[in-house]
>>> print(open('model_11.cif').read())   # mmCIF, C-alpha atoms and all ligand atoms
data_entry
#
loop_
_atom_site.label_atom_id
_atom_site.label_comp_id
_atom_site.auth_asym_id
_atom_site.auth_seq_id
_atom_site.Cartn_x
_atom_site.Cartn_y
_atom_site.Cartn_z
CA MET A 12 0.00 0.00 0.00
CA ALA A 13 2.77 2.42 0.99
CA ALA A 14 4.72 1.56 -2.18
CA GLN A 15 1.61 2.01 -4.30
CA ALA A 16 0.90 5.36 -2.69
CA ALA A 17 4.50 6.46 -3.20
CA ALA A 18 4.36 5.44 -6.88
CA ALA A 19 1.54 7.89 -7.36
CA GLY A 20 3.85 10.55 -5.97
CA ALA A 21 4.56 12.62 -9.05
CA ALA A 22 0.92 13.66 -9.37
CA PHE A 23 0.85 14.67 -5.72
CA GLU A 24 3.39 17.41 -6.37
CA GLN A 25 1.16 19.17 -8.89
CA ASP A 26 -0.49 22.20 -7.46
CA ILE A 27 -3.99 21.84 -8.84
CA HIS A 28 -5.15 24.29 -6.22
CA HIS A 29 -2.98 27.16 -7.33
CA ASP A 30 -4.72 30.49 -6.86
CA PRO A 31 -2.93 33.36 -8.60
CA LYS A 32 -4.07 35.73 -5.84
CA GLN A 33 -2.11 33.70 -3.24
CA LYS A 34 1.59 34.50 -3.06
CA PRO A 35 4.22 31.74 -2.67
CA GLN A 36 5.12 31.49 0.99
CA ASN A 37 8.36 31.57 2.86
CA VAL A 38 7.55 28.72 5.21
CA CYS A 39 9.27 28.02 8.51
CA VAL A 40 8.43 24.70 10.16
CA LEU A 41 9.12 24.43 13.90
CA GLY A 42 9.78 21.01 15.42
CA GLY A 43 11.94 18.13 14.24
CA GLY A 44 9.53 15.34 15.21
CA ASN A 45 6.88 13.32 13.38
CA PHE A 46 4.52 16.14 12.53
CA GLY A 47 7.27 18.64 11.80
CA THR A 48 8.53 16.12 9.26
CA ALA A 49 5.09 15.81 7.68
CA MET A 50 4.64 19.59 7.51
CA ALA A 51 8.11 20.15 6.04
CA PHE A 52 7.38 17.38 3.53
CA LEU A 53 4.06 18.97 2.52
CA ALA A 54 5.34 22.52 2.25
CA ALA A 55 8.39 21.51 0.22
CA SER A 56 6.19 19.33 -2.04
CA LYS A 57 4.29 22.51 -2.88
CA SER A 58 7.55 24.23 -3.89
CA HIS A 59 7.47 26.82 -1.15
CA SER A 60 10.79 27.96 0.20
CA VAL A 61 11.05 25.91 3.40
CA ARG A 62 13.29 26.36 6.38
CA TRP A 63 12.88 23.82 9.14
CA TYR A 64 13.95 24.38 12.72
CA CYS A 65 15.10 21.23 14.57
CA ARG A 66 16.71 21.91 17.92
CA ASP A 67 19.37 19.20 17.51
CA PRO A 68 22.14 20.55 15.21
CA LYS A 69 23.29 17.04 14.18
CA GLN A 70 19.77 16.08 13.19
CA ALA A 71 19.37 19.32 11.19
CA ALA A 72 22.66 18.75 9.35
CA THR A 73 21.73 15.14 8.49
CA ILE A 74 18.33 16.23 7.15
CA THR A 75 19.86 18.85 4.88
CA SER A 76 22.56 16.53 3.56
CA THR A 77 20.59 13.25 3.21
CA ARG A 78 16.97 14.48 2.82
CA ARG A 79 15.90 12.09 5.58
CA ASN A 80 15.05 12.79 9.22
CA PRO A 81 17.30 10.36 11.10
CA ARG A 82 15.13 10.39 14.24
CA TYR A 83 11.53 10.25 13.00
CA LEU A 84 10.01 8.63 9.90
CA SER A 85 13.57 7.94 8.76
CA ASP A 86 12.42 5.77 5.84
CA ILE A 87 10.67 8.74 4.22
CA GLU A 88 12.61 10.53 1.49
CA LEU A 89 12.02 14.26 1.78
CA PRO A 90 11.56 16.56 -1.23
CA GLU A 91 14.40 18.70 -2.51
CA GLY A 92 14.75 22.31 -1.45
CA LEU A 93 14.35 21.81 2.28
CA GLN A 94 16.83 23.52 4.53
CA ALA A 95 16.96 22.29 8.12
CA THR A 96 18.75 24.30 10.77
CA ALA A 97 19.18 24.42 14.54
CA ASN A 98 19.48 28.19 14.37
CA VAL A 99 16.06 29.66 15.26
CA SER A 100 16.69 33.16 13.86
CA GLU A 101 17.92 31.73 10.57
CA ALA A 102 14.87 29.46 10.31
CA LEU A 103 12.40 32.25 11.01
CA GLN A 104 13.98 35.06 9.02
CA GLY A 105 11.57 36.43 6.42
CA ALA A 106 8.93 33.75 7.13
CA THR A 107 5.42 34.58 5.91
CA LEU A 108 3.95 31.34 7.24
CA VAL A 109 5.24 29.68 10.42
CA ILE A 110 3.94 26.12 10.93
CA SER A 111 4.51 25.04 14.49
CA ALA A 112 4.68 21.32 15.24
CA LEU A 113 6.08 21.59 18.76
CA PRO A 114 4.38 19.72 21.61
CA ALA A 115 1.62 21.92 23.07
CA GLN A 116 3.25 22.37 26.48
CA ALA A 117 6.51 23.62 24.87
CA THR A 118 4.86 26.13 22.52
CA PRO A 119 4.19 29.19 24.76
CA HIS A 120 7.72 28.96 26.25
CA PHE A 121 9.19 28.78 22.75
CA ILE A 122 7.23 31.87 21.68
CA GLU A 123 8.21 33.76 24.83
CA LYS A 124 11.88 33.03 24.16
CA TYR A 125 11.95 33.66 20.41
CA ARG A 126 9.08 36.12 19.74
CA GLY A 127 11.66 38.70 18.57
CA ASP A 128 12.63 36.32 15.74
CA ILE A 129 9.06 35.54 14.65
CA PRO A 130 7.99 38.08 12.00
CA ALA A 131 5.04 40.05 13.40
CA ASP A 132 3.20 39.90 10.05
CA ALA A 133 3.57 36.11 9.60
CA ILE A 134 0.65 33.74 10.06
CA PHE A 135 1.56 31.48 13.00
CA CYS A 136 -0.18 28.20 12.18
CA CYS A 137 -0.29 25.84 15.13
CA THR A 138 -0.69 22.10 14.58
CA SER A 139 -0.30 21.16 18.26
CA LYS A 140 -3.27 19.40 19.82
CA GLY A 141 -3.45 20.17 23.49
CA LEU A 142 -4.71 22.48 26.22
CA TYR A 143 -2.13 24.38 28.26
CA LEU A 144 -1.64 22.80 31.69
CA GLU A 145 0.55 25.46 33.30
CA GLU A 146 -2.17 28.13 33.00
CA GLY A 147 -5.20 25.82 32.69
CA CYS A 148 -6.29 27.48 29.46
CA PHE A 149 -6.55 27.20 25.67
CA LEU A 150 -3.15 26.93 24.02
CA SER A 151 -4.02 29.95 21.84
CA GLU A 152 -4.56 32.11 24.95
CA ALA A 153 -1.16 31.16 26.35
CA MET A 154 0.44 31.70 22.93
CA LEU A 155 -0.99 35.20 22.58
CA ARG A 156 0.14 36.07 26.10
CA ALA A 157 3.60 34.84 25.18
CA PHE A 158 3.70 36.96 22.01
CA GLN A 159 2.82 40.10 24.03
CA ARG A 160 1.50 41.63 20.78
CA PRO A 161 -1.20 40.88 18.23
CA GLN A 162 -0.19 37.97 15.99
CA THR A 163 -2.32 36.19 13.41
CA LEU A 164 -2.92 32.65 14.66
CA ALA A 165 -4.33 29.72 12.70
CA PHE A 166 -5.03 26.16 13.85
CA LEU A 167 -4.62 23.24 11.47
CA SER A 168 -6.30 20.10 12.73
CA GLY A 169 -8.07 16.90 11.75
CA PRO A 170 -7.40 13.19 11.20
CA SER A 171 -3.82 12.98 9.97
CA PHE A 172 -1.12 10.60 11.06
CA ALA A 173 2.22 12.11 10.06
CA ARG A 174 3.37 8.87 8.41
CA GLN A 175 0.33 8.64 6.18
CA ILE A 176 0.73 12.27 5.03
CA CYS A 177 4.29 11.45 3.95
CA GLU A 178 3.10 8.23 2.27
CA ARG A 179 0.64 10.41 0.35
CA HIS A 180 -2.57 8.86 1.54
CA PRO A 181 -5.44 11.23 0.64
CA THR A 182 -5.98 13.28 3.80
CA ALA A 183 -8.41 16.07 4.73
CA LEU A 184 -7.95 18.69 7.44
CA VAL A 185 -9.44 21.97 8.54
CA CYS A 186 -7.65 25.24 9.17
CA ALA A 187 -9.29 27.88 11.35
CA SER A 188 -8.38 31.48 11.85
CA ALA A 189 -10.40 34.44 13.15
CA LYS A 190 -10.21 36.07 9.71
CA LEU A 191 -11.29 33.66 6.99
CA ALA A 192 -8.74 35.16 4.56
CA ASP A 193 -5.90 33.97 6.82
CA ALA A 194 -7.29 30.43 6.99
CA VAL A 195 -7.62 30.53 3.19
CA GLN A 196 -3.93 31.50 2.86
CA VAL A 197 -2.94 28.34 4.73
CA GLN A 198 -5.54 26.33 2.82
CA PHE A 199 -4.03 27.27 -0.55
CA ALA A 200 -0.47 27.07 0.70
CA LEU A 201 -0.82 23.40 1.71
CA SER A 202 -3.61 21.82 -0.38
CA SER A 203 -2.76 19.38 -3.16
CA LYS A 204 -4.31 16.34 -4.81
CA ARG A 205 -3.46 14.30 -1.72
CA PHE A 206 -3.96 16.89 1.01
CA ARG A 207 -7.21 18.80 1.16
CA VAL A 208 -7.63 21.66 3.59
CA TYR A 209 -11.01 23.17 4.44
CA ALA A 210 -11.13 26.72 5.80
CA SER A 211 -13.00 27.72 8.94
CA GLN A 212 -13.49 30.67 11.25
CA ASP A 213 -14.40 28.51 14.24
CA THR A 214 -11.06 28.75 16.03
CA VAL A 215 -12.56 27.58 19.33
CA GLY A 216 -14.13 24.45 17.81
CA VAL A 217 -11.06 23.49 15.76
CA GLU A 218 -8.59 24.08 18.59
CA LEU A 219 -10.75 22.31 21.17
CA GLY A 220 -11.73 19.38 18.94
CA GLY A 221 -8.08 18.52 18.23
CA ALA A 222 -7.07 18.86 21.88
CA LEU A 223 -10.02 17.12 23.53
CA LYS A 224 -10.07 14.04 21.33
CA ASN A 225 -6.71 13.06 22.85
CA PRO A 226 -7.81 12.13 26.42
CA LEU A 227 -10.79 10.35 24.85
CA ALA A 228 -8.44 8.35 22.60
CA ILE A 229 -6.51 7.35 25.74
CA GLY A 230 -9.82 6.07 27.14
CA ALA A 231 -10.46 4.05 23.97
CA GLY A 232 -7.02 2.45 24.33
CA MET A 233 -7.74 1.59 27.97
CA ILE A 234 -10.88 -0.29 26.92
CA GLU A 235 -8.95 -2.40 24.46
CA GLY A 236 -6.10 -2.90 26.94
CA ALA A 237 -8.60 -4.12 29.53
CA GLY A 238 -9.66 -6.82 27.08
CA PHE A 239 -13.07 -5.47 26.06
CA GLY A 240 -14.31 -5.67 22.50
CA ILE A 241 -16.02 -3.57 19.89
CA ASN A 242 -19.36 -3.35 21.78
CA THR A 243 -17.61 -1.47 24.54
CA LEU A 244 -15.44 0.59 22.20
CA ALA A 245 -18.36 1.69 19.99
CA ALA A 246 -20.38 2.68 23.06
CA PHE A 247 -17.41 4.59 24.45
CA VAL A 248 -16.68 6.49 21.22
CA THR A 249 -20.36 7.38 20.77
CA ARG A 250 -20.75 8.72 24.29
CA ALA A 251 -17.31 10.37 24.02
CA THR A 252 -18.52 12.22 20.91
CA ARG A 253 -21.43 13.53 22.92
CA GLU A 254 -19.17 14.74 25.74
CA LEU A 255 -16.81 16.34 23.21
CA THR A 256 -19.70 18.20 21.57
CA VAL A 257 -21.29 19.36 24.84
CA LEU A 258 -17.97 20.68 26.19
CA CYS A 259 -16.93 22.41 22.96
CA VAL A 260 -20.29 24.10 22.55
CA ALA A 261 -20.25 25.23 26.20
CA MET A 262 -16.80 26.76 25.58
CA GLY A 263 -18.05 28.64 22.49
CA GLY A 264 -17.27 26.21 19.62
CA ARG A 265 -19.75 25.22 16.91
CA PRO A 266 -21.37 21.76 16.98
CA GLU A 267 -20.85 21.46 13.19
CA THR A 268 -17.10 21.71 13.75
CA ILE A 269 -17.21 18.88 16.27
CA SER A 270 -19.11 16.64 13.87
CA GLY A 271 -16.43 17.49 11.30
CA LEU A 272 -12.76 16.70 10.71
CA ALA A 273 -11.33 18.36 13.82
CA GLY A 274 -13.82 16.60 16.11
CA VAL A 275 -15.38 13.27 15.24
CA GLY A 276 -12.96 12.75 12.32
CA ASP A 277 -9.90 12.95 14.53
CA LEU A 278 -11.55 11.10 17.41
CA MET A 279 -12.25 8.14 15.11
CA LEU A 280 -8.70 8.15 13.77
CA THR A 281 -7.07 8.20 17.18
CA ALA A 282 -9.57 5.95 19.00
CA PHE A 283 -9.35 3.22 16.35
CA GLY A 284 -5.98 3.81 14.67
CA ASP A 285 -3.00 1.68 15.69
CA LEU A 286 -0.60 4.57 15.01
CA SER A 287 -2.11 6.76 17.74
CA ARG A 288 0.19 7.41 20.68
CA ASN A 289 -2.77 8.49 22.83
CA ARG A 290 -4.61 5.25 22.13
CA ASN A 291 -1.43 3.25 22.74
CA CYS A 292 -0.85 5.09 26.00
CA GLY A 293 -4.28 3.91 27.23
CA LEU A 294 -3.59 0.40 26.05
CA ARG A 295 -0.22 0.26 27.81
CA LEU A 296 -1.62 1.75 31.04
CA ALA A 297 -4.40 -0.83 31.13
CA LYS A 298 -1.79 -3.55 30.76
CA GLY A 299 0.04 -2.25 33.82
CA GLU A 300 2.84 -0.06 32.43
CA SER A 301 3.60 3.08 34.41
CA LEU A 302 2.62 6.47 33.01
CA ASP A 303 6.16 7.77 33.55
CA THR A 304 7.64 5.02 31.36
CA ILE A 305 5.11 5.72 28.63
CA LEU A 306 5.71 9.48 28.67
CA GLN A 307 9.45 8.93 28.39
CA SER A 308 8.94 7.00 25.16
CA CYS A 309 6.75 9.44 23.18
CA THR A 310 4.65 12.60 23.13
CA VAL A 311 1.15 11.93 24.56
CA GLU A 312 -0.81 15.19 24.44
CA GLY A 313 -3.90 13.70 26.10
CA VAL A 314 -2.18 13.42 29.49
CA PRO A 315 -1.74 17.14 30.32
CA THR A 316 -4.92 17.96 28.40
CA ALA A 317 -7.10 15.58 30.47
CA SER A 318 -6.91 17.57 33.66
CA VAL A 319 -7.52 20.92 31.92
CA ALA A 320 -10.54 19.37 30.16
CA LYS A 321 -11.90 18.22 33.52
CA ALA A 322 -11.42 21.74 34.93
CA PHE A 323 -13.23 23.24 31.89
CA ALA A 324 -16.15 20.85 32.48
CA THR A 325 -16.35 21.87 36.15
CA LYS A 326 -16.22 25.55 35.18
CA CYS A 327 -19.12 25.01 32.75
CA ASN A 328 -21.04 23.00 35.35
CA LEU A 329 -21.13 19.93 33.09
CA ASP A 330 -21.24 16.31 34.21
CA LEU A 331 -18.89 14.54 31.77
CA PRO A 332 -18.22 11.08 33.19
CA LEU A 333 -15.82 9.88 30.49
CA PHE A 334 -13.53 12.89 30.65
CA THR A 335 -13.64 12.65 34.45
CA ALA A 336 -12.83 8.93 34.51
CA VAL A 337 -9.86 9.31 32.12
CA ALA A 338 -8.46 12.24 34.14
CA MET A 339 -8.85 10.29 37.41
CA ILE A 340 -7.10 7.21 36.01
CA LEU A 341 -4.22 9.38 34.73
CA ASP A 342 -3.99 11.03 38.19
CA GLY A 343 -3.72 7.54 39.75
CA ARG A 344 -7.00 7.97 41.65
CA LEU A 345 -8.91 5.20 39.84
CA ASN A 346 -8.04 2.04 37.94
CA VAL A 347 -9.50 1.02 34.59
CA GLU A 348 -11.68 -1.85 35.90
CA ASP A 349 -13.19 0.30 38.67
CA ALA A 350 -13.76 3.16 36.23
CA LEU A 351 -15.70 0.86 33.88
CA ASP A 352 -17.70 -0.56 36.81
CA HIS A 353 -18.53 2.94 37.97
CA LEU A 354 -19.52 4.15 34.47
CA MET A 355 -21.82 1.14 33.96
CA SER A 356 -23.45 1.63 37.39
CA ARG A 357 -24.44 5.26 36.92
CA PRO A 358 -28.18 5.97 37.23
CA LEU A 359 -30.07 4.99 34.08
CA GLY A 360 -31.37 7.85 31.96
CA THR A 361 -32.37 9.04 28.50
CA GLU A 362 -29.78 9.08 25.72
CA VAL A 363 -30.39 12.72 24.76
CA PRO A 364 -32.23 15.46 26.64
CA LEU A 365 -36.02 15.04 26.40
CA LEU A 366 -37.91 17.17 23.88
N1 LIG B 401 2.33 12.77 14.93
C1 LIG B 401 1.19 13.05 14.32
O1 LIG B 401 0.72 12.25 13.50
C2 LIG B 401 0.47 14.33 14.61
C3 LIG B 401 0.88 15.20 15.60
N2 LIG B 401 0.18 16.38 15.79
C4 LIG B 401 0.58 17.28 16.87
O2 LIG B 401 1.85 17.82 16.60
C5 LIG B 401 2.50 18.13 17.85
C6 LIG B 401 3.89 17.53 17.80
O3 LIG B 401 3.72 16.13 17.70
P1 LIG B 401 4.80 15.17 17.07
O4 LIG B 401 5.60 15.85 16.03
O5 LIG B 401 4.10 13.95 16.69
O6 LIG B 401 5.72 14.91 18.35
P2 LIG B 401 7.16 14.24 18.36
O7 LIG B 401 7.37 13.76 19.72
O8 LIG B 401 7.30 13.31 17.22
O9 LIG B 401 8.15 15.48 18.07
C7 LIG B 401 8.23 16.61 18.88
C8 LIG B 401 9.46 17.39 18.43
O10 LIG B 401 9.46 18.64 19.11
C9 LIG B 401 10.79 18.86 19.58
N3 LIG B 401 10.71 19.72 20.76
C10 LIG B 401 10.14 19.45 21.96
N4 LIG B 401 10.26 20.50 22.77
C11 LIG B 401 10.91 21.46 22.07
C12 LIG B 401 11.35 22.77 22.36
N5 LIG B 401 11.14 23.32 23.56
N6 LIG B 401 12.01 23.46 21.41
C13 LIG B 401 12.26 22.91 20.22
N7 LIG B 401 11.87 21.68 19.87
C14 LIG B 401 11.20 20.96 20.77
C15 LIG B 401 11.35 17.47 19.91
O11 LIG B 401 12.76 17.51 19.91
C16 LIG B 401 10.79 16.69 18.73
O12 LIG B 401 11.62 16.79 17.62
C17 LIG B 401 1.60 17.54 18.95
O13 LIG B 401 0.87 18.56 19.57
C18 LIG B 401 0.68 16.59 18.21
O14 LIG B 401 -0.58 16.47 18.83
C19 LIG B 401 -0.87 16.72 15.03
C20 LIG B 401 -1.31 15.88 14.04
C21 LIG B 401 -0.71 14.61 13.80
O1 LIG B 402 -3.60 13.71 16.28
C1 LIG B 402 -3.11 12.82 15.64
C2 LIG B 402 -3.54 12.49 14.29
O2 LIG B 402 -4.58 13.31 13.84
C3 LIG B 402 -2.01 12.01 16.20
O3 LIG B 402 -2.49 11.31 17.28
P1 LIG B 402 -1.51 10.79 18.43
O4 LIG B 402 -0.88 12.02 19.03
O5 LIG B 402 -2.40 10.05 19.36
O6 LIG B 402 -0.50 9.90 17.77
#
>>> encode(input="model_11.cif", output="structure tokens")
Amino acid sequence: MAAQAAAAGAAFEQDIHHDPKQKPQNVCVLGGGNFGTAMAFLAASKSHSVRWYCRDPKQAATITSTRRNPRYLSDIELPEGLQATANVSEALQGATLVISALPAQATPHFIEKYRGDIPADAIFCCTSKGLYLEEGCFLSEAMLRAFQRPQTLAFLSGPSFARQICERHPTALVCASAKLADAVQVQFALSSKRFRVYASQDTVGVELGGALKNPLAIGAGMIEGAGFGINTLAAFVTRATRELTVLCVAMGGRPETISGLAGVGDLMLTAFGDLSRNRNCGLRLAKGESLDTILQSCTVEGVPTASVAKAFATKCNLDLPLFTAVAMILDGRLNVEDALDHLMSRPLGTEVPLL
């Protein structure tokens, strides 16, 4: 399948979505991990000028000389024209579009440290999927505080494993920005025959959908790890979708966004997809591995996000048993079996509010 997809590669490069009104971008990708690799791959495939910041100088040098990322997705051959560097100022100089693929918890600190190097008129497009634990808030709020000035933010989200983007599987995402024209800039900058971006103005829904599906995907993994089958998983994902929608709408997002790519689309991918680190984290926890060991092995955004999600639910006066159970298991206050027992023993009720 991967070979077949790669063979279709030449067509992928063609920019069928070229809009003469959209200028070519000077793209800077931040983050040398899985998603940074996918974003650098995409932007370079579209013939933008791409500079890619990886904090490890050896890694950056190897990428530039071999066109492979030695640490992540190392079997993927990257397009020509990519320049990786460990020098932040060099990477950001003259950028018109900054695509950040740093872990959520690292992003505000990065901005605080390097805001002087980030061009004030660039679109800062965030692909991180998490809420900000240190301040118990949306990542965008912490990012804007870190900028200490107005900066155009966009959020790119939806069902998209980095590996499958690089293997050119047809993929669809949504990009949200307060001004539709800014979301459209990103849309045209990245769309191709194999990567379709929808534009949106629902920044709250897109940011929250991407972040909140992660603790729920951990829950889905726990169910599988505990040995339960598709009956349990389907029930969980259905009720999880409801909790996701109720919380996003209470926080100001649109329900249509949550039934779209950034919500249900990404929840399905991560709850059912073997490549999901959040799902695998739940699976490994249910099999008895310690959370510390798991977090040392990979980025799992759902862990810090779970407790912020629970705090958001409390603030909105919402009873969201699945978010609560996942957060309590991650805090070590409940085990998976007891959580399932408790969830199945809750008072019986109607599925949706009565008419
Ligand atoms: N992997 C995927 O398929 C997808 C990931 N995302 C999101 O992208 C974000 C990044 O995820 P991945 O790339 O998968 O993680 P990763 O763990 O593969 O890579 C993270 C990278 O960030 C670098 N990094 C960490 N802290 C840093 C700092 N302070 N300064 C500079 N570099 C730093 C690490 O060295 C590493 O290269 C997450 O929020 C994730 O939810 C979104 C869609 C898909
Ligand atoms: O968000 C993702 C794909 O859309 C990646 O999910 P994981 O972080 O669980 O691997």
>>> closest_atom_pairs(input="model_11.cif", of="chain A", to="ligand LIG 402 (chain B)", cutoff="7 Å", atoms="only C-alpha atoms and all ligand atoms", output="JSON lines")
{"residue": "A:Lys140", "atom": "CA", "partner": "B:LIG402", "partner_atom": "O1", "distance": 6.7}
{"residue": "A:Gly169", "atom": "CA", "partner": "B:LIG402", "partner_atom": "O2", "distance": 5.4}
{"residue": "A:Pro170", "atom": "CA", "partner": "B:LIG402", "partner_atom": "O2", "distance": 3.9}
{"residue": "A:Ser171", "atom": "CA", "partner": "B:LIG402", "partner_atom": "O2", "distance": 4.0}
{"residue": "A:Phe172", "atom": "CA", "partner": "B:LIG402", "partner_atom": "C2", "distance": 4.5}
{"residue": "A:Gly221", "atom": "CA", "partner": "B:LIG402", "partner_atom": "O1", "distance": 6.9}
{"residue": "A:Asn225", "atom": "CA", "partner": "B:LIG402", "partner_atom": "O5", "distance": 6.3}
{"residue": "A:Asp277", "atom": "CA", "partner": "B:LIG402", "partner_atom": "O2", "distance": 5.4}
{"residue": "A:Leu280", "atom": "CA", "partner": "B:LIG402", "partner_atom": "O2", "distance": 6.6}
{"residue": "A:Thr281", "atom": "CA", "partner": "B:LIG402", "partner_atom": "O5", "distance": 5.5}
{"residue": "A:Leu286", "atom": "CA", "partner": "B:LIG402", "partner_atom": "O6", "distance": 6.0}
{"residue": "A:Ser287", "atom": "CA", "partner": "B:LIG402", "partner_atom": "O6", "distance": 3.5}
{"residue": "A:Arg288", "atom": "CA", "partner": "B:LIG402", "partner_atom": "O6", "distance": 3.9}
{"residue": "A:Asn289", "atom": "CA", "partner": "B:LIG402", "partner_atom": "O5", "distance": 3.8}
{"residue": "A:Arg290", "atom": "CA", "partner": "B:LIG402", "partner_atom": "O5", "distance": 6.0}
{"residue": "A:Thr310", "atom": "CA", "partner": "B:LIG402", "partner_atom": "O4", "distance": 6.9}
{"residue": "A:Val311", "atom": "CA", "partner": "B:LIG402", "partner_atom": "O4", "distance": 5.9}
{"residue": "A:Glu312", "atom": "CA", "partner": "B:LIG402", "partner_atom": "O4", "distance": 6.3}
>>> residues_around(input="model_11.cif", residues="range 185-191 of chain A", least_positions_apart="6", cutoff="12 Å", atoms="all atoms listed in the file", output="ChimeraX atom specification")
/A:110,134-138,151,162-171,197-202,206-221,264,268-269,271-274,276-277
>>> closest_atom_pairs(input="model_11.cif", of="chain A", to="ligand LIG 401 (chain B)", cutoff="7 Å", atoms="only C-alpha atoms and all ligand atoms", output="Markdown table")
| residue | atom | partner | partner_atom | distance |
| --- | --- | --- | --- | --- |
| A:Gly42 | CA | B:LIG401 | O10 | 4.4 |
| A:Gly43 | CA | B:LIG401 | O12 | 3.6 |
| A:Gly44 | CA | B:LIG401 | O9 | 3.2 |
| A:Asn45 | CA | B:LIG401 | O8 | 3.9 |
| A:Phe46 | CA | B:LIG401 | O4 | 3.7 |
| A:Gly47 | CA | B:LIG401 | O4 | 5.3 |
| A:Cys65 | CA | B:LIG401 | N7 | 6.2 |
| A:Arg66 | CA | B:LIG401 | C13 | 5.1 |
| A:Tyr83 | CA | B:LIG401 | O8 | 6.7 |
| A:Ala112 | CA | B:LIG401 | C6 | 4.6 |
| A:Leu113 | CA | B:LIG401 | O10 | 4.5 |
| A:Pro114 | CA | B:LIG401 | O13 | 4.2 |
| A:Ala115 | CA | B:LIG401 | O13 | 4.9 |
| A:Ala117 | CA | B:LIG401 | N5 | 4.8 |
| A:Thr118 | CA | B:LIG401 | N5 | 7.0 |
| A:Phe121 | CA | B:LIG401 | N5 | 5.9 |
| A:Thr138 | CA | B:LIG401 | O2 | 5.4 |
| A:Ser139 | CA | B:LIG401 | O13 | 3.1 |
| A:Lys140 | CA | B:LIG401 | O14 | 4.1 |
| A:Gly141 | CA | B:LIG401 | O13 | 6.1 |
| A:Ser168 | CA | B:LIG401 | C20 | 6.7 |
| A:Ser171 | CA | B:LIG401 | C21 | 5.2 |
| A:Phe172 | CA | B:LIG401 | O1 | 3.5 |
| A:Ala173 | CA | B:LIG401 | O1 | 3.8 |
| A:Arg174 | CA | B:LIG401 | O1 | 6.7 |
| A:Cys309 | CA | B:LIG401 | O7 | 5.6 |
| A:Thr310 | CA | B:LIG401 | O7 | 4.5 |
| A:Glu312 | CA | B:LIG401 | O14 | 5.8 |
>>> write_last_selection(input="model_11.cif", atoms="C-alpha atoms", output="tab-separated table (two decimals), in the coordinates of the input")
chain	number	residue	atom	x	y	z
A	42	GLY	CA	9.78	21.01	15.42
A	43	GLY	CA	11.94	18.13	14.24
A	44	GLY	CA	9.53	15.34	15.21
A	45	ASN	CA	6.88	13.32	13.38
A	46	PHE	CA	4.52	16.14	12.53
A	47	GLY	CA	7.27	18.64	11.80
A	65	CYS	CA	15.10	21.23	14.57
A	66	ARG	CA	16.71	21.91	17.92
A	83	TYR	CA	11.53	10.25	13.00
A	112	ALA	CA	4.68	21.32	15.24
A	113	LEU	CA	6.08	21.59	18.76
A	114	PRO	CA	4.38	19.72	21.61
A	115	ALA	CA	1.62	21.92	23.07
A	117	ALA	CA	6.51	23.62	24.87
A	118	THR	CA	4.86	26.13	22.52
A	121	PHE	CA	9.19	28.78	22.75
A	138	THR	CA	-0.69	22.10	14.58
A	139	SER	CA	-0.30	21.16	18.26
A	140	LYS	CA	-3.27	19.40	19.82
A	141	GLY	CA	-3.45	20.17	23.49
A	168	SER	CA	-6.30	20.10	12.73
A	171	SER	CA	-3.82	12.98	9.97
A	172	PHE	CA	-1.12	10.60	11.06
A	173	ALA	CA	2.22	12.11	10.06
A	174	ARG	CA	3.37	8.87	8.41
A	309	CYS	CA	6.75	9.44	23.18
A	310	THR	CA	4.65	12.60	23.13
A	312	GLU	CA	-0.81	15.19	24.44
>>> residues_near_point(input="model_11.cif", point="(-7.2, 4.6, 36.3)", cutoff="10 Å", atoms="all atoms listed in the file", output="PyMOL selection string")
chain A and resi 230+233+293+296-297+336-351
>>> residues_around(input="model_11.cif", residues="Ala51 in chain A", least_positions_apart="4", cutoff="8 Å", atoms="all atoms listed in the file", output="ChimeraX atom specification")
/A:40,47,55,61,63,93
>>> residues_around(input="model_11.cif", residues="Leu258 in chain A", least_positions_apart="4", cutoff="8 Å", atoms="all atoms listed in the file", output="compact mmCIF listing (two decimals) with C-alpha atoms, in the coordinates of the input")
# COMPACT_ATOMS: atom_id res chain seq x y z
CA GLU A 254 -19.17 14.74 25.74
CA MET A 262 -16.80 26.76 25.58
CA PHE A 323 -13.23 23.24 31.89
CA ALA A 324 -16.15 20.85 32.48
CA CYS A 327 -19.12 25.01 32.75
CA LEU A 329 -21.13 19.93 33.09
>>> atom_distance(input="model_11.cif", atom1="CA of Leu306 in chain A", atom2="CA of Arg253 in chain A")
28.0 Å
>>> atom_distance(input="model_11.cif", atom1="CA of Pro81 in chain A", atom2="CA of Tyr64 in chain A")
14.5 Å
>>> atom_distance(input="model_11.cif", atom1="CA of Ser85 in chain A", atom2="CA of Lys69 in chain A")
14.4 Å
>>> closest_residue(input="model_11.cif", among="A:Pro161, A:Pro364, A:Pro358, A:Gly240", to="Arg126 in chain A", atoms="all atoms listed in the file")
A:Pro161
>>> closest_residue(input="model_11.cif", among="A:Pro68, A:Leu142, A:Leu155, A:Thr252", to="Pro266 in chain A", atoms="all atoms listed in the file")
A:Thr252
>>> closest_residue(input="model_11.cif", among="A:Leu53, A:Leu89, A:Leu227, A:Ala71", to="Leu255 in chain A", atoms="only C-alpha atoms")
A:Leu227
>>> closest_residue(input="model_11.cif", among="A:Arg78, A:Val38, A:Glu178, A:Ala157", to="Ser111 in chain A", atoms="only C-alpha atoms")
A:Val38
>>> closest_residue(input="model_11.cif", among="A:Cys177, A:Ala245, A:Cys292, A:Ala106", to="His59 in chain A", atoms="all atoms listed in the file")
A:Ala106
>>> axis_aligned_box(input="model_11.cif", around="range 58-71 of chain A", padding_each_side="8 Å", output="lines of an AutoDock Vina configuration file")
center_x = 15.4
center_y = 22.0
center_z = 7.0
size_x = 31.8
size_y = 27.9
size_z = 37.8
